[in-house]
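This report refers to the structure that appears directly beneath it.
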Amino acid sequence: MIKAQSEPFLFESLKIAREINDKASESEVLGELANLYARLGRIEEAIAYYHQALEIARAIGDRQSEGNHLSNLGLAYSDLGRIEEAIAYYHQALEIARAIGDRRGEASRLANLASAFAALGRIEEAIAYYHQALEIARAIGDKYTESQVLIKLGQAYEKSGNRKMALINYDSASSIAKEIGSPYIELIEHLRKTVTDANV
């Protein structure tokens, strides 16, 4: 796994991977470059590198990396507001996660799909996908993902006007966040207060 995130280091790593014809490393470095550009807000460049990384992952039959690149493409297109395209990539990534038994990846992609549907105002679909993600997170004991999904689920219920269910999910998220020392405790408390104040 590549730790350094500097652009010059990554380009040097890419050059070496190509010189020695190490396709797996080439795909990984291209993905890391894409991640770097995405963090810098250079989304179009990120997308171009994700596509290169994806092409290589497919060529060498690396299904795990293929799924990761597809998921990251979904996030990038979502950042551009191209939600329908993001959904298409998330669905492809989800299919791969299920095919290879990547439960953590499956939960993540279900949550991404839910967020995309929420962004389109399709709240009932979003809630359904969040519940699927939540079920998997609980099944594999992934407390961090569970708390994150509960927050998003609470927000979705709040958008739908169901403040009672929003509060139930925020309370559950708060309990888990305190248990694992999550940095999102203050955010959850703010969200809870918004709902309780609205109910007064």
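Naming works like this for the structure tokens: A, B, ... for the chains as they're shown, residue 1 at the start of each chain, ligands 1 onward in shown order.
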
Can I get the residues of range 52-96 of chain A within 10 Å of range 22-25 of chain A, each with the closest pair of atoms and their distance in Å to one decimal, using only C-alpha atoms, sorted chain first then ascending number, as a Markdown table?
```
| residue | atom | partner | partner_atom | distance |
| --- | --- | --- | --- | --- |
| A:Ala53 | CA | A:Ala24 | CA | 9.2 |
| A:Ile56 | CA | A:Lys23 | CA | 6.8 |
| A:Ala57 | CA | A:Ala24 | CA | 7.1 |
| A:Ala59 | CA | A:Lys23 | CA | 9.0 |
| A:Ile60 | CA | A:Lys23 | CA | 7.4 |
| A:Gly61 | CA | A:Ala24 | CA | 9.7 |
| A:Asp62 | CA | A:Ala24 | CA | 7.9 |
| A:Ser65 | CA | A:Ala24 | CA | 8.9 |
```

Extract, using only C-alpha atoms, all DNA, RNA and protein residues at most 9 Å from range 150-159 of chain A, discarding same-chain residues fewer than 2 positions from it, and format them as a compact mmCIF listing (two decimals) with C-alpha atoms, in the first residue's frame.
```txt
# COMPACT_ATOMS: atom_id res chain seq x y z
CA ALA A 111 -24.47 3.75 1.69
CA ALA A 114 -28.37 5.82 -0.53
CA SER A 115 -26.62 9.20 -0.38
CA ALA A 118 -31.04 11.31 -1.11
CA GLY A 121 -34.71 13.76 -3.36
CA ILE A 123 -35.74 9.69 0.11
CA GLU A 124 -37.64 6.40 0.37
CA ALA A 126 -32.27 6.29 0.15
CA ILE A 127 -33.74 4.97 3.40
CA TYR A 130 -29.22 2.84 4.20
CA HIS A 131 -31.07 0.03 5.99
CA LEU A 134 -26.75 -0.81 8.27
CA THR A 145 -19.67 2.39 9.45
CA GLU A 146 -22.71 1.57 11.56
CA SER A 147 -22.54 4.95 13.31
CA GLN A 148 -22.00 6.79 10.01
CA GLY A 161 -40.55 14.60 7.98
CA ASN A 162 -40.31 11.60 10.31
CA ARG A 163 -38.65 13.29 13.28
CA LYS A 164 -39.32 10.36 15.61
CA MET A 165 -37.30 7.94 13.46
CA ALA A 166 -34.64 10.61 12.91
CA LEU A 167 -34.17 10.94 16.67
CA ILE A 168 -34.09 7.17 17.20
CA ASN A 169 -31.28 6.85 14.64
CA TYR A 170 -29.36 9.84 16.02
CA ASP A 171 -29.61 8.35 19.53
CA SER A 172 -28.25 5.02 18.26
CA ALA A 173 -25.46 6.80 16.38
CA SER A 174 -24.60 8.79 19.50
CA ILE A 188 -24.60 13.99 16.20
CA LEU A 191 -28.39 16.98 14.79
CA VAL A 195 -34.77 17.59 15.91
```

- Item | Atom pair CA of Gly67 in chain A / CA of Tyr129 in chain A: separation (Å) | 18.2 Å

- Query: range 90-102 of chain A: which residues within 8 Å, counting only C-alpha atoms, same-chain residues fewer than 3 positions away excluded, as a list of chain:residue names?
  - Reply: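 Here the answer would be A:Arg63, A:Gln64, A:Glu66, A:Gly67, A:Asn68, A:Leu70, A:Ser71, A:Gly74, A:Ala86, A:Ile87, A:Gly105, A:Glu106, A:Arg109, A:Leu110, A:Asn112, A:Leu113.
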
- All helix (DSSP H, G or I) positions in range 3-199 of chain A, as JSON, numbers by chain: {"A": [7, 8, 9, 10, 11, 12, 13, 14, 15, 16, 17, 18, 19, 23, 24, 25, 26, 27, 28, 29, 30, 31, 32, 33, 34, 35, 36, 37, 38, 39, 43, 44, 45, 46, 47, 48, 49, 50, 51, 52, 53, 54, 55, 56, 57, 58, 59, 63, 64, 65, 66, 67, 68, 69, 70, 71, 72, 73, 74, 75, 76, 77, 78, 79, 83, 84, 85, 86, 87, 88, 89, 90, 91, 92, 93, 94, 95, 96, 97, 98, 99, 100, 103, 104, 105, 106, 107, 108, 109, 110, 111, 112, 113, 114, 115, 116, 117, 118, 119, 123, 124, 125, 126, 127, 128, 129, 130, 131, 132, 133, 134, 135, 136, 137, 138, 139, 143, 144, 145, 146, 147, 148, 149, 150, 151, 152, 153, 154, 155, 156, 157, 158, 159, 160, 163, 164, 165, 166, 167, 168, 169, 170, 171, 172, 173, 174, 175, 176, 177, 178, 179, 180, 185, 186, 187, 188, 189, 190, 191, 192, 193, 194, 195, 196, 197, 198, 199]}

- Message: One number please: CA of Tyr37 in chain A to CA of Ala116 in chain A, in Å, one decimal.
- Response: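 Between CA of Tyr37 in chain A and CA of Ala116 in chain A the gap is 21.3 Å.
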
Give me, as a tab-separated table, the closest atom pair and its distance (Å, one decimal) for every residue of range 117-138 of chain A within a cut-off of 10 Å of range 80-84 of chain A, counting only C-alpha atoms, rows sorted by chain and rising number.
```
residue	atom	partner	partner_atom	distance
A:Phe117	CA	A:Ile83	CA	8.2
A:Ala119	CA	A:Ile83	CA	7.7
A:Leu120	CA	A:Ile83	CA	7.4
```

Just write the chosen residues, C-alpha atoms, as a PDB file, in the first residue's frame.
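See part-v1.pdb below for the written result:
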```
ATOM      1  CA  PHE A 117     -30.703   8.871  -4.023  1.00  0.00           C
ATOM      2  CA  ALA A 119     -29.301  13.972  -3.213  1.00  0.00           C
ATOM      3  CA  LEU A 120     -31.924  13.394  -5.915  1.00  0.00           C
TER       4      LEU A 120
END
```

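Interatomic distance, CA of Ile47 in chain A against CA of Ser27 in chain A: 13.6 Å.
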
- Name all residues at most 8 Å from Ala177 in chain A (count only C-alpha atoms; drop same-chain ones fewer than 6 positions away) and give them as a PyMOL selection string. chain A and resi 144+147+183-185

- A:Ala107, A:Ala34, A:Ile176, A:Leu14 ranked by distance to Ala133 in chain A, top pick (using only C-alpha atoms):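 Comparing A:Ala107, A:Ala34, A:Ile176, A:Leu14 against Ala133 in chain A, the winner is A:Ala107.
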
- Could you tell me which of A:Gln52, A:Ala46, A:Ser182, A:Arg18 comes closest to Ala76 in chain A if we count only C-alpha atoms? A:Ala46

- Task: Can you work out which one of A:Asp79, A:Arg192, A:Asp197, A:Ala17 has the shortest atom-to-atom distance to Ala38 in chain A, counting only C-alpha atoms?
- Result: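 Looking at the shortest contact to Ala38 in chain A, the residue is A:Asp79.
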